[in-house]
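Take a look at the structure set out below.
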Number of protein chains: 2
Amino acid sequence: MFLDELAGKGGEWLKGTGPESDIVISSRIRLARNLAEFPFVRKCSDGDKLAIEARVSEVINQQSKWSDPVSYHRIDEMNDLDRQFLVERQLISRELAESNGARSVLIDSGEKFSVMINEEDHLRIQAVQSGLDLTEAWHRINAIDDFVDSCLHYAFHPRYGYLTACPTNVGTGMRVSVMLHLPALVMTRELEKVFRSLQKINLAVRGLYGEGSEAMGDFYQISNQITLGKSEIELVQQVNEVIPVMIEYERKARDFLLRESRDELSDRVSRAHGILQNAKTISSEETMHLLSSIRLGVNMGLIEVDIPMLNRLFLQTQPAHLQKMIGGKLDIADRNVQRAQYLKKSFNISDN
Amino acid sequence: MFLDELAGKGGEWLKGTGPESDIVISSRIRLARNLAEFPFVRKCSDGDKLAIEARVSEVINQQSKWSDPVSYHRIDEMNDLDRQFLVERQLISRELAESNGARSVLIDSGEKFSVMINEEDHLRIQAVQSGLDLTEAWHRINAIDDFVDSCLHYAFHPRYGYLTACPTNVGTGMRVSVMLHLPALVMTRELEKVFRSLQKINLAVRGLYGEGSEAMGDFYQISNQITLGKSEIELVQQVNEVIPVMIEYERKARDFLLRESRDELSDRVSRAHGILQNAKTISSEETMHLLSSIRLGVNMGLIEVDIPMLNRLFLQTQPAHLQKMIGGKLDIADRNVQRAQYLKKSFNISDN
């Protein structure tokens, strides 16, 4: 089955390639769109949701319309494990996984785009590129949007732009976001300062999987907060301009650490490696934390570990991924034991 | 030089052999003795100390009187590193290392006994056996005491017994002590309770190197507090009777841990192994702590590591030992780096 095949792979957004990929994990754009002839999802009856799902899927779930293979999944007919699996891969949102009624997702086999039906809006289209490449993500999502627009009647107001369920998305309906790996800024405790300055220019920061500014594995996502009054190109540009500054901050923090506390850093990286190879039980959170130290160590030349493997482990050690790979539901204690075994095996293979 | 040769060896008290050696590290007896014709050390002039040192060393520093090779060292002519080295090996006390004036130690090459001159008392004789073997220690120290007594005039009172600088040693002048490794009682938090019951029967407990009840590496020493009103044999018996009870407590705690939290314990042991093999810098305290977990793991069948090597590492990773092996004075940061390298090397050799 398609999802089982995905479990063994890394996903576009953690491939670890593309420009500035030592710091920039992925570039992502999503568009919120609604059909003019239906109420917003929150006001929908079960029948409305079914009708919207049928209408949209009829258009997008046609292999002939896509150059690469796609797969289509009804979330409401899916078990919890598969839903969580798609959330971990960032192919669907937690909201889509946890809501009710007819809802689905179309996924590109390369995981470079996905379309959610009946999330907060009737359609949520997203495109992802590994590394810093918002331009490519923009070209792809723009083409998808044009195609869908040619087949469906979007709710659009000549003055306000695309109408969305939440007023914060009105206008372009676009969110541009970049996922960064910022372990050195975390270690030097400079992150808060940097984030405050981003908020002043209306950019939002949130941690991967975490709530608020907490981040698992030192992964942070920076995105636009404003969707109205600027063109799509301007929104892409605003994020595109600030990312090099963030990269520069992180690089400076790394240089500082190398200069001022190379031994401590090297110790931390090496211990992380030792623990991941030797733990008999380990939580997902601790795993992310230790993988983050090793990823930093590799990028700073302190240790040799295969980066694509590390990126894959960030994803594969998540609860649902682990259970899909093992082939069944496991409670937390068993997951922690299986995770430790999987990590040990992965690092031993990589060392040989 | 003699001390440099010792640095590479484990010492009798950490040899890891003898009865009950998975829990009982060593059995030790010391006698406090004073010469009748001199004041106690604290009241001595520099000249008195010189005279005592000369008088006692004349008797004990004769190879012909001892069956095994002995070495004799003037502590006041020794550098700080060598003094600390002898303290770490428990061949001299911290007090002897840090006091003033003429003072010395005679050491048996097998480290089964030593005689300190001008510590708190004119003579402090000690005998050590690996494992639980107070009887052998008693026979050895009794023979040494008889020999010294035949050559020198001890301060002895027909009613009070041997007179000593501190009233708590008057009578037999004997302290009987056993060093135990009690990691499971520490983990199950039962140690305080056990220690309180020991205090009720006038036995003292103190941690190795640590002050009060704090212990590095979960090593605890149990000894008699009373020296007066009981015969030497009775004092040995009192400690000898309580040790099997302590061993039983520790074994029960180990069984409990195996039964109730085998996975967590196995994880802890394996991580300790991973950290000691991978750290780039590590303190003496953390090293002791991790070695203690591994020692427990070996004795519980959770991991395979050479116990004599572990015992040796407890000693060789101490600051003075490390510096003597490297061959020079090092500051703390450099010691921590050298310690990590030494540990890595030791474990890698032992794994192959």
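Residues are referred to by chain and number: the chain letter is A, B, ... according to the order shown in the structure tokens, the number counts from 1 in that chain, and ligands are numbered separately from 1 in the order shown.
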As a PDB file with all heavy atoms, in the first residue's frame, could you give me every residue of chain A near chain B (at most 8 Å apart, counting only C-alpha atoms)?
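That gives us iface-v5.pdb:
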```pdb
ATOM      1  N   ASP A 263      35.425  22.057  22.326  1.00  0.00           N
ATOM      2  CA  ASP A 263      35.492  20.796  23.071  1.00  0.00           C
ATOM      3  C   ASP A 263      34.126  20.384  23.619  1.00  0.00           C
ATOM      4  O   ASP A 263      33.715  19.232  23.499  1.00  0.00           O
ATOM      5  CB  ASP A 263      36.479  20.907  24.247  1.00  0.00           C
ATOM      6  CG  ASP A 263      37.918  20.842  23.761  1.00  0.00           C
ATOM      7  OD1 ASP A 263      38.123  20.594  22.553  1.00  0.00           O
ATOM      8  OD2 ASP A 263      38.821  21.052  24.584  1.00  0.00           O
ATOM      9  N   GLU A 264      33.416  21.335  24.233  1.00  0.00           N
ATOM     10  CA  GLU A 264      32.108  21.035  24.802  1.00  0.00           C
ATOM     11  C   GLU A 264      31.136  20.597  23.703  1.00  0.00           C
ATOM     12  O   GLU A 264      30.331  19.693  23.887  1.00  0.00           O
ATOM     13  CB  GLU A 264      31.521  22.259  25.528  1.00  0.00           C
ATOM     14  CG  GLU A 264      32.214  22.620  26.829  1.00  0.00           C
ATOM     15  CD  GLU A 264      33.475  23.440  26.619  1.00  0.00           C
ATOM     16  OE1 GLU A 264      33.966  23.535  25.465  1.00  0.00           O
ATOM     17  OE2 GLU A 264      33.994  23.992  27.608  1.00  0.00           O
ATOM     18  N   SER A 266      31.876  19.354  20.713  1.00  0.00           N
ATOM     19  CA  SER A 266      32.298  18.062  20.189  1.00  0.00           C
ATOM     20  C   SER A 266      31.882  16.948  21.157  1.00  0.00           C
ATOM     21  O   SER A 266      31.438  15.873  20.741  1.00  0.00           O
ATOM     22  CB  SER A 266      33.815  18.107  20.015  1.00  0.00           C
ATOM     23  OG  SER A 266      34.299  16.859  19.674  1.00  0.00           O
ATOM     24  N   ASP A 267      32.005  17.231  22.456  1.00  0.00           N
ATOM     25  CA  ASP A 267      31.589  16.276  23.491  1.00  0.00           C
ATOM     26  C   ASP A 267      30.092  16.005  23.388  1.00  0.00           C
ATOM     27  O   ASP A 267      29.644  14.861  23.412  1.00  0.00           O
ATOM     28  CB  ASP A 267      31.929  16.861  24.863  1.00  0.00           C
ATOM     29  CG  ASP A 267      31.544  15.936  26.008  1.00  0.00           C
ATOM     30  OD1 ASP A 267      31.956  14.760  25.975  1.00  0.00           O
ATOM     31  OD2 ASP A 267      30.845  16.395  26.927  1.00  0.00           O
ATOM     32  N   ARG A 268      29.329  17.073  23.248  1.00  0.00           N
ATOM     33  CA  ARG A 268      27.882  16.951  23.173  1.00  0.00           C
ATOM     34  C   ARG A 268      27.450  16.117  21.962  1.00  0.00           C
ATOM     35  O   ARG A 268      26.575  15.259  22.049  1.00  0.00           O
ATOM     36  CB  ARG A 268      27.311  18.370  23.076  1.00  0.00           C
ATOM     37  CG  ARG A 268      25.823  18.439  22.959  1.00  0.00           C
ATOM     38  CD  ARG A 268      25.411  19.898  22.902  1.00  0.00           C
ATOM     39  NE  ARG A 268      23.996  20.017  22.682  1.00  0.00           N
ATOM     40  CZ  ARG A 268      23.247  20.975  23.204  1.00  0.00           C
ATOM     41  NH1 ARG A 268      23.800  21.891  23.966  1.00  0.00           N
ATOM     42  NH2 ARG A 268      21.961  21.027  22.956  1.00  0.00           N
ATOM     43  N   SER A 270      29.305  13.947  20.263  1.00  0.00           N
ATOM     44  CA  SER A 270      29.775  12.577  20.365  1.00  0.00           C
ATOM     45  C   SER A 270      28.943  11.773  21.370  1.00  0.00           C
ATOM     46  O   SER A 270      28.627  10.601  21.146  1.00  0.00           O
ATOM     47  CB  SER A 270      31.249  12.591  20.772  1.00  0.00           C
ATOM     48  OG  SER A 270      31.782  11.305  20.722  1.00  0.00           O
ATOM     49  N   ARG A 271      28.568  12.409  22.469  1.00  0.00           N
ATOM     50  CA  ARG A 271      27.711  11.727  23.456  1.00  0.00           C
ATOM     51  C   ARG A 271      26.351  11.411  22.853  1.00  0.00           C
ATOM     52  O   ARG A 271      25.778  10.348  23.104  1.00  0.00           O
ATOM     53  CB  ARG A 271      27.500  12.606  24.680  1.00  0.00           C
ATOM     54  CG  ARG A 271      28.687  12.618  25.611  1.00  0.00           C
ATOM     55  CD  ARG A 271      28.470  13.649  26.712  1.00  0.00           C
ATOM     56  NE  ARG A 271      29.603  13.715  27.596  1.00  0.00           N
ATOM     57  CZ  ARG A 271      29.543  13.503  28.905  1.00  0.00           C
ATOM     58  NH1 ARG A 271      28.398  13.277  29.488  1.00  0.00           N
ATOM     59  NH2 ARG A 271      30.621  13.571  29.638  1.00  0.00           N
ATOM     60  N   HIS A 273      25.693  10.796  19.828  1.00  0.00           N
ATOM     61  CA  HIS A 273      25.922   9.638  18.963  1.00  0.00           C
ATOM     62  C   HIS A 273      25.990   8.360  19.802  1.00  0.00           C
ATOM     63  O   HIS A 273      25.363   7.343  19.469  1.00  0.00           O
ATOM     64  CB  HIS A 273      27.236   9.870  18.198  1.00  0.00           C
ATOM     65  CG  HIS A 273      27.425   8.962  17.019  1.00  0.00           C
ATOM     66  ND1 HIS A 273      28.625   8.400  16.706  1.00  0.00           N
ATOM     67  CD2 HIS A 273      26.558   8.516  16.089  1.00  0.00           C
ATOM     68  CE1 HIS A 273      28.492   7.646  15.624  1.00  0.00           C
ATOM     69  NE2 HIS A 273      27.257   7.708  15.220  1.00  0.00           N
ATOM     70  N   GLY A 274      26.730   8.428  20.925  1.00  0.00           N
ATOM     71  CA  GLY A 274      26.865   7.268  21.807  1.00  0.00           C
ATOM     72  C   GLY A 274      25.536   6.837  22.408  1.00  0.00           C
ATOM     73  O   GLY A 274      25.240   5.642  22.509  1.00  0.00           O
ATOM     74  N   ILE A 275      24.721   7.805  22.801  1.00  0.00           N
ATOM     75  CA  ILE A 275      23.430   7.465  23.413  1.00  0.00           C
ATOM     76  C   ILE A 275      22.492   6.854  22.369  1.00  0.00           C
ATOM     77  O   ILE A 275      21.847   5.847  22.626  1.00  0.00           O
ATOM     78  CB  ILE A 275      22.793   8.708  24.078  1.00  0.00           C
ATOM     79  CG1 ILE A 275      23.631   9.128  25.286  1.00  0.00           C
ATOM     80  CG2 ILE A 275      21.358   8.417  24.505  1.00  0.00           C
ATOM     81  CD1 ILE A 275      23.224  10.452  25.901  1.00  0.00           C
ATOM     82  N   GLN A 277      23.234   5.189  19.838  1.00  0.00           N
ATOM     83  CA  GLN A 277      23.697   3.847  19.473  1.00  0.00           C
ATOM     84  C   GLN A 277      23.495   2.842  20.608  1.00  0.00           C
ATOM     85  O   GLN A 277      23.537   1.645  20.374  1.00  0.00           O
ATOM     86  CB  GLN A 277      25.191   3.881  19.137  1.00  0.00           C
ATOM     87  CG  GLN A 277      25.494   4.478  17.781  1.00  0.00           C
ATOM     88  CD  GLN A 277      26.999   4.540  17.564  1.00  0.00           C
ATOM     89  OE1 GLN A 277      27.735   5.118  18.369  1.00  0.00           O
ATOM     90  NE2 GLN A 277      27.458   3.942  16.489  1.00  0.00           N
ATOM     91  N   ASN A 278      23.339   3.335  21.825  1.00  0.00           N
ATOM     92  CA  ASN A 278      23.339   2.420  22.971  1.00  0.00           C
ATOM     93  C   ASN A 278      22.062   2.377  23.796  1.00  0.00           C
ATOM     94  O   ASN A 278      21.895   1.459  24.596  1.00  0.00           O
ATOM     95  CB  ASN A 278      24.512   2.759  23.906  1.00  0.00           C
ATOM     96  CG  ASN A 278      25.840   2.326  23.321  1.00  0.00           C
ATOM     97  OD1 ASN A 278      26.208   1.167  23.394  1.00  0.00           O
ATOM     98  ND2 ASN A 278      26.543   3.256  22.696  1.00  0.00           N
ATOM     99  N   ALA A 279      21.177   3.369  23.628  1.00  0.00           N
ATOM    100  CA  ALA A 279      19.955   3.372  24.441  1.00  0.00           C
ATOM    101  C   ALA A 279      19.159   2.102  24.175  1.00  0.00           C
ATOM    102  O   ALA A 279      19.173   1.566  23.073  1.00  0.00           O
ATOM    103  CB  ALA A 279      19.118   4.606  24.114  1.00  0.00           C
ATOM    104  N   LYS A 280      18.482   1.626  25.197  1.00  0.00           N
ATOM    105  CA  LYS A 280      17.607   0.462  25.048  1.00  0.00           C
ATOM    106  C   LYS A 280      16.153   0.900  24.972  1.00  0.00           C
ATOM    107  O   LYS A 280      15.278   0.132  24.619  1.00  0.00           O
ATOM    108  CB  LYS A 280      17.781  -0.492  26.243  1.00  0.00           C
ATOM    109  CG  LYS A 280      19.186  -1.038  26.403  1.00  0.00           C
ATOM    110  CD  LYS A 280      19.413  -2.200  25.489  1.00  0.00           C
ATOM    111  CE  LYS A 280      20.763  -2.840  25.795  1.00  0.00           C
ATOM    112  NZ  LYS A 280      21.101  -3.867  24.805  1.00  0.00           N
ATOM    113  N   THR A 281      15.908   2.133  25.400  1.00  0.00           N
ATOM    114  CA  THR A 281      14.567   2.710  25.323  1.00  0.00           C
ATOM    115  C   THR A 281      14.743   4.215  25.218  1.00  0.00           C
ATOM    116  O   THR A 281      15.585   4.794  25.917  1.00  0.00           O
ATOM    117  CB  THR A 281      13.707   2.293  26.537  1.00  0.00           C
ATOM    118  OG1 THR A 281      12.493   3.061  26.515  1.00  0.00           O
ATOM    119  CG2 THR A 281      14.408   2.549  27.851  1.00  0.00           C
TER     120      THR A 281
END
```
Spatial neighbours of Met116 (chain B), max dist 7 Å, only C-alpha atoms, sep filter under 5 positions, as a PDB file with N, CA, C and O atoms, in the first residue's frame:
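Okay, this is what ended up in around.pdb:
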```
ATOM      1  N   ILE B  92      47.398   6.407  52.017  1.00  0.00           N
ATOM      2  CA  ILE B  92      47.538   7.383  53.103  1.00  0.00           C
ATOM      3  C   ILE B  92      46.212   8.138  53.222  1.00  0.00           C
ATOM      4  O   ILE B  92      45.380   8.099  52.307  1.00  0.00           O
ATOM      5  N   SER B 104      55.692  10.152  57.140  1.00  0.00           N
ATOM      6  CA  SER B 104      56.046   9.202  56.087  1.00  0.00           C
ATOM      7  C   SER B 104      55.071   8.045  56.040  1.00  0.00           C
ATOM      8  O   SER B 104      54.152   7.938  56.863  1.00  0.00           O
ATOM      9  N   VAL B 105      55.260   7.186  55.026  1.00  0.00           N
ATOM     10  CA  VAL B 105      54.419   6.002  54.899  1.00  0.00           C
ATOM     11  C   VAL B 105      55.268   4.843  54.391  1.00  0.00           C
ATOM     12  O   VAL B 105      56.159   5.019  53.550  1.00  0.00           O
ATOM     13  N   LEU B 106      55.006   3.667  54.930  1.00  0.00           N
ATOM     14  CA  LEU B 106      55.605   2.432  54.437  1.00  0.00           C
ATOM     15  C   LEU B 106      54.494   1.671  53.716  1.00  0.00           C
ATOM     16  O   LEU B 106      53.395   1.494  54.265  1.00  0.00           O
ATOM     17  N   LEU B 123      51.625   6.318  64.964  1.00  0.00           N
ATOM     18  CA  LEU B 123      51.529   5.255  63.962  1.00  0.00           C
ATOM     19  C   LEU B 123      50.070   4.979  63.617  1.00  0.00           C
ATOM     20  O   LEU B 123      49.212   4.928  64.512  1.00  0.00           O
ATOM     21  N   ARG B 124      49.824   4.824  62.342  1.00  0.00           N
ATOM     22  CA  ARG B 124      48.535   4.323  61.878  1.00  0.00           C
ATOM     23  C   ARG B 124      48.850   3.147  60.956  1.00  0.00           C
ATOM     24  O   ARG B 124      49.419   3.337  59.875  1.00  0.00           O
ATOM     25  N   ILE B 125      48.525   1.950  61.436  1.00  0.00           N
ATOM     26  CA  ILE B 125      48.809   0.745  60.653  1.00  0.00           C
ATOM     27  C   ILE B 125      47.507   0.305  59.991  1.00  0.00           C
ATOM     28  O   ILE B 125      46.465   0.277  60.651  1.00  0.00           O
TER      29      ILE B 125
END
```
Within 12 Å of Asp82 (chain A) using only C-alpha atoms, minus same-chain residues under 6 positions, as a short mmCIF file (atom, residue, chain, number, x, y, z; two decimals) with all heavy atoms, in the first residue's frame:
```cif
data_model
loop_
_atom_site.label_atom_id
_atom_site.label_comp_id
_atom_site.auth_asym_id
_atom_site.auth_seq_id
_atom_site.Cartn_x
_atom_site.Cartn_y
_atom_site.Cartn_z
N MET A 1 0.84 -1.22 0.00
CA MET A 1 0.00 0.00 0.00
C MET A 1 0.87 1.25 0.00
O MET A 1 1.97 1.27 0.55
CB MET A 1 -0.88 -0.02 1.27
CG MET A 1 -1.87 1.13 1.35
SD MET A 1 -2.24 1.49 3.09
CE MET A 1 -2.98 3.12 2.97
N PHE A 2 0.33 2.30 -0.62
CA PHE A 2 1.08 3.53 -0.81
C PHE A 2 1.70 4.09 0.48
O PHE A 2 2.89 4.39 0.53
CB PHE A 2 0.15 4.57 -1.46
CG PHE A 2 0.77 5.92 -1.60
CD1 PHE A 2 1.74 6.16 -2.57
CD2 PHE A 2 0.40 6.97 -0.76
CE1 PHE A 2 2.32 7.41 -2.70
CE2 PHE A 2 0.98 8.22 -0.88
CZ PHE A 2 1.93 8.44 -1.85
N LEU A 3 0.90 4.18 1.56
CA LEU A 3 1.42 4.77 2.80
C LEU A 3 2.56 3.95 3.38
O LEU A 3 3.51 4.50 3.94
CB LEU A 3 0.30 4.91 3.84
CG LEU A 3 -0.83 5.89 3.51
CD1 LEU A 3 -1.72 6.09 4.72
CD2 LEU A 3 -0.30 7.24 3.04
N ASP A 4 2.46 2.62 3.27
CA ASP A 4 3.53 1.77 3.80
C ASP A 4 4.84 1.99 3.05
O ASP A 4 5.91 1.94 3.63
CB ASP A 4 3.12 0.30 3.72
CG ASP A 4 1.94 0.00 4.66
OD1 ASP A 4 1.93 0.59 5.76
OD2 ASP A 4 1.06 -0.77 4.28
N LEU A 6 5.71 4.82 1.68
CA LEU A 6 6.23 6.12 2.12
C LEU A 6 7.02 6.00 3.41
O LEU A 6 8.03 6.69 3.60
CB LEU A 6 5.07 7.10 2.37
CG LEU A 6 4.43 7.78 1.16
CD1 LEU A 6 3.48 8.87 1.66
CD2 LEU A 6 5.47 8.39 0.25
N ALA A 7 6.58 5.11 4.31
CA ALA A 7 7.17 5.02 5.65
C ALA A 7 8.69 4.84 5.60
O ALA A 7 9.42 5.37 6.43
CB ALA A 7 6.53 3.87 6.44
N HIS A 73 -6.69 9.86 -0.77
CA HIS A 73 -7.06 9.15 0.46
C HIS A 73 -8.21 9.83 1.16
O HIS A 73 -8.16 11.04 1.40
CB HIS A 73 -5.87 9.12 1.43
CG HIS A 73 -4.61 8.60 0.79
ND1 HIS A 73 -4.26 7.28 0.79
CD2 HIS A 73 -3.64 9.25 0.10
CE1 HIS A 73 -3.12 7.13 0.13
NE2 HIS A 73 -2.72 8.31 -0.30
N ARG A 74 -9.25 9.05 1.52
CA ARG A 74 -10.33 9.57 2.34
C ARG A 74 -9.89 9.50 3.80
O ARG A 74 -9.70 8.41 4.35
CB ARG A 74 -11.60 8.72 2.13
CG ARG A 74 -12.40 9.12 0.90
CD ARG A 74 -13.11 10.46 1.06
NE ARG A 74 -14.22 10.41 1.96
CZ ARG A 74 -15.50 10.27 1.57
NH1 ARG A 74 -15.80 10.21 0.29
NH2 ARG A 74 -16.46 10.22 2.47
N ILE A 75 -9.71 10.66 4.43
CA ILE A 75 -9.23 10.69 5.82
C ILE A 75 -10.26 10.10 6.77
O ILE A 75 -9.93 9.42 7.74
CB ILE A 75 -8.89 12.15 6.23
CG1 ILE A 75 -7.85 12.77 5.29
CG2 ILE A 75 -8.40 12.20 7.67
CD1 ILE A 75 -6.53 12.06 5.23
N ASP A 76 -11.56 10.32 6.48
CA ASP A 76 -12.61 9.82 7.36
C ASP A 76 -12.75 8.30 7.29
O ASP A 76 -13.39 7.69 8.13
CB ASP A 76 -13.96 10.49 7.06
CG ASP A 76 -14.28 10.55 5.58
OD1 ASP A 76 -13.33 10.71 4.77
OD2 ASP A 76 -15.46 10.41 5.22
N GLU A 88 2.65 13.48 10.64
CA GLU A 88 4.10 13.50 10.88
C GLU A 88 4.87 13.87 9.60
O GLU A 88 5.89 14.54 9.66
CB GLU A 88 4.57 12.12 11.38
CG GLU A 88 4.14 11.82 12.81
CD GLU A 88 4.47 10.39 13.25
OE1 GLU A 88 5.06 9.63 12.45
OE2 GLU A 88 4.11 10.03 14.39
N ARG A 89 4.35 13.45 8.45
CA ARG A 89 5.02 13.77 7.18
C ARG A 89 4.67 15.16 6.68
O ARG A 89 5.11 15.56 5.61
CB ARG A 89 4.64 12.76 6.11
CG ARG A 89 5.29 11.41 6.30
CD ARG A 89 5.02 10.48 5.16
NE ARG A 89 6.07 10.48 4.14
CZ ARG A 89 7.25 9.87 4.28
NH1 ARG A 89 7.52 9.22 5.37
NH2 ARG A 89 8.15 9.91 3.31
N LEU A 91 1.96 16.07 5.40
CA LEU A 91 1.15 16.00 4.18
C LEU A 91 -0.27 16.44 4.46
O LEU A 91 -0.98 16.91 3.57
CB LEU A 91 1.17 14.57 3.61
CG LEU A 91 2.53 14.15 3.05
CD1 LEU A 91 2.54 12.66 2.74
CD2 LEU A 91 2.88 14.97 1.80
N ILE A 92 -0.70 16.25 5.73
CA ILE A 92 -1.99 16.81 6.15
C ILE A 92 -1.76 17.53 7.48
O ILE A 92 -0.75 17.33 8.14
CB ILE A 92 -3.11 15.75 6.32
CG1 ILE A 92 -2.80 14.81 7.50
CG2 ILE A 92 -3.29 14.93 5.04
CD1 ILE A 92 -3.96 13.88 7.88
N ALA A 97 -6.74 15.80 10.37
CA ALA A 97 -6.74 14.46 10.97
C ALA A 97 -7.82 14.34 12.03
O ALA A 97 -8.49 13.31 12.14
CB ALA A 97 -5.37 14.15 11.58
N PRO A 319 6.25 8.55 16.30
CA PRO A 319 5.43 7.40 16.72
C PRO A 319 4.73 6.65 15.59
O PRO A 319 4.83 5.42 15.50
CB PRO A 319 4.42 8.04 17.69
CG PRO A 319 5.11 9.24 18.22
CD PRO A 319 5.99 9.75 17.11
N ALA A 320 4.03 7.35 14.72
CA ALA A 320 3.25 6.63 13.70
C ALA A 320 4.17 5.97 12.67
O ALA A 320 3.92 4.84 12.24
CB ALA A 320 2.28 7.58 13.01
N HIS A 321 5.24 6.66 12.29
CA HIS A 321 6.19 6.07 11.35
C HIS A 321 6.78 4.77 11.90
O HIS A 321 6.88 3.77 11.20
CB HIS A 321 7.32 7.06 11.03
CG HIS A 321 6.98 8.01 9.93
ND1 HIS A 321 6.10 9.05 10.09
CD2 HIS A 321 7.37 8.03 8.62
CE1 HIS A 321 5.98 9.69 8.94
NE2 HIS A 321 6.74 9.10 8.03
N LEU A 322 7.17 4.84 13.16
CA LEU A 322 7.77 3.68 13.80
C LEU A 322 6.78 2.51 13.78
O LEU A 322 7.14 1.38 13.42
CB LEU A 322 8.10 4.05 15.26
CG LEU A 322 9.11 3.19 15.95
CD1 LEU A 322 10.49 3.36 15.30
CD2 LEU A 322 9.19 3.60 17.42
N GLN A 323 5.54 2.78 14.14
CA GLN A 323 4.54 1.71 14.19
C GLN A 323 4.25 1.15 12.80
O GLN A 323 4.08 -0.05 12.62
CB GLN A 323 3.26 2.22 14.85
CG GLN A 323 3.48 2.50 16.33
CD GLN A 323 2.28 3.16 16.98
OE1 GLN A 323 1.33 2.50 17.36
NE2 GLN A 323 2.32 4.46 17.09
N LYS A 324 4.22 2.01 11.80
CA LYS A 324 3.97 1.51 10.44
C LYS A 324 5.13 0.64 9.97
O LYS A 324 4.93 -0.37 9.30
CB LYS A 324 3.75 2.67 9.46
CG LYS A 324 2.35 3.26 9.57
CD LYS A 324 1.96 4.09 8.37
CE LYS A 324 1.51 3.26 7.20
NZ LYS A 324 0.23 2.56 7.41
N MET A 325 6.36 1.04 10.33
CA MET A 325 7.51 0.24 9.89
C MET A 325 7.55 -1.12 10.61
O MET A 325 7.91 -2.12 10.02
CB MET A 325 8.81 1.01 10.13
CG MET A 325 9.01 2.11 9.10
SD MET A 325 10.68 2.80 9.18
CE MET A 325 10.74 3.32 10.87
N GLY A 327 4.95 -2.50 11.80
CA GLY A 327 3.79 -3.23 11.29
C GLY A 327 2.70 -3.47 12.30
O GLY A 327 2.05 -4.52 12.27
N GLY A 328 2.48 -2.53 13.21
CA GLY A 328 1.35 -2.72 14.12
C GLY A 328 1.34 -1.68 15.22
O GLY A 328 2.31 -0.96 15.41
N LYS A 329 0.23 -1.60 15.92
CA LYS A 329 0.09 -0.62 17.00
C LYS A 329 0.93 -1.04 18.20
O LYS A 329 0.98 -2.20 18.56
CB LYS A 329 -1.38 -0.49 17.42
CG LYS A 329 -2.10 0.62 16.68
CD LYS A 329 -3.40 1.05 17.35
CE LYS A 329 -3.25 2.25 18.26
NZ LYS A 329 -2.89 3.50 17.56
#
```
Gap from CA of Asn348 (chain A) to CA of Ser292 (chain A) - Å, one decimal: 18.3 Å
All strand (DSSP E or B) residues (DSSP, backbone) inside region 68-179 of chain B, as a PyMOL selection string: chain B and resi 70-74+104-108+113-117+123-130+154+156-157+161-162+171+174-179
Contacts of region 194-204 of chain A at 12 Å (only C-alpha atoms; same-chain gap of 4+ positions) as number ranges by chain: A: 175-179, 182, 185-186, 188-190, 212-213, 220-227, 235-236, 238-243, 245-250, 253
Alpha helix (DSSP H) positions in region 2-208 of chain A, given as a ChimeraX atom specification: /A:2-7,46-60,80-88,94-98,134-151,183-187,191-200
12 Å contact set for Ser109 (chain B), only C-alpha atoms, chain neighbours under 6 positions out, as a ChimeraX atom specification: /B:2-3,5-6,9,11-12,63,66-72,91
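Between CA of Ser99 (chain A) and CA of Glu119 (chain A) the interatomic distance comes to 7.7 Å.
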Residue contacts of Tyr154 (chain A) (8 Å, only C-alpha atoms) excluding same-chain residues fewer than 6 positions away, as a PyMOL selection string: chain A and resi 33-36+162
Could you take the residues named above and write them with N, CA and C atoms, as a PDB file, in the first residue's frame?
```pdb
ATOM      1  N   ARG A  33      -8.449  27.951  -0.316  1.00  0.00           N
ATOM      2  CA  ARG A  33      -9.450  28.252  -1.343  1.00  0.00           C
ATOM      3  C   ARG A  33     -10.799  27.673  -0.943  1.00  0.00           C
ATOM      4  N   ASN A  34     -11.875  28.359  -1.364  1.00  0.00           N
ATOM      5  CA  ASN A  34     -13.216  27.862  -1.069  1.00  0.00           C
ATOM      6  C   ASN A  34     -14.081  27.932  -2.318  1.00  0.00           C
ATOM      7  N   LEU A  35     -15.061  27.033  -2.382  1.00  0.00           N
ATOM      8  CA  LEU A  35     -15.991  27.041  -3.512  1.00  0.00           C
ATOM      9  C   LEU A  35     -17.112  28.032  -3.225  1.00  0.00           C
ATOM     10  N   ALA A  36     -17.487  28.809  -4.231  1.00  0.00           N
ATOM     11  CA  ALA A  36     -18.474  29.880  -4.035  1.00  0.00           C
ATOM     12  C   ALA A  36     -19.844  29.328  -3.672  1.00  0.00           C
ATOM     13  N   TYR A 162      -9.414  36.309  -2.314  1.00  0.00           N
ATOM     14  CA  TYR A 162      -9.988  35.005  -1.976  1.00  0.00           C
ATOM     15  C   TYR A 162     -10.613  35.073  -0.588  1.00  0.00           C
TER      16      TYR A 162
END
```
His122 (chain B) surroundings by only C-alpha atoms, 12 Å radius, close-in-sequence under 5 positions cut, as an NGL selection string: :B and (31-44 or 48-57 or 96 or 102-105 or 115-117 or 152-155 or 163-165)
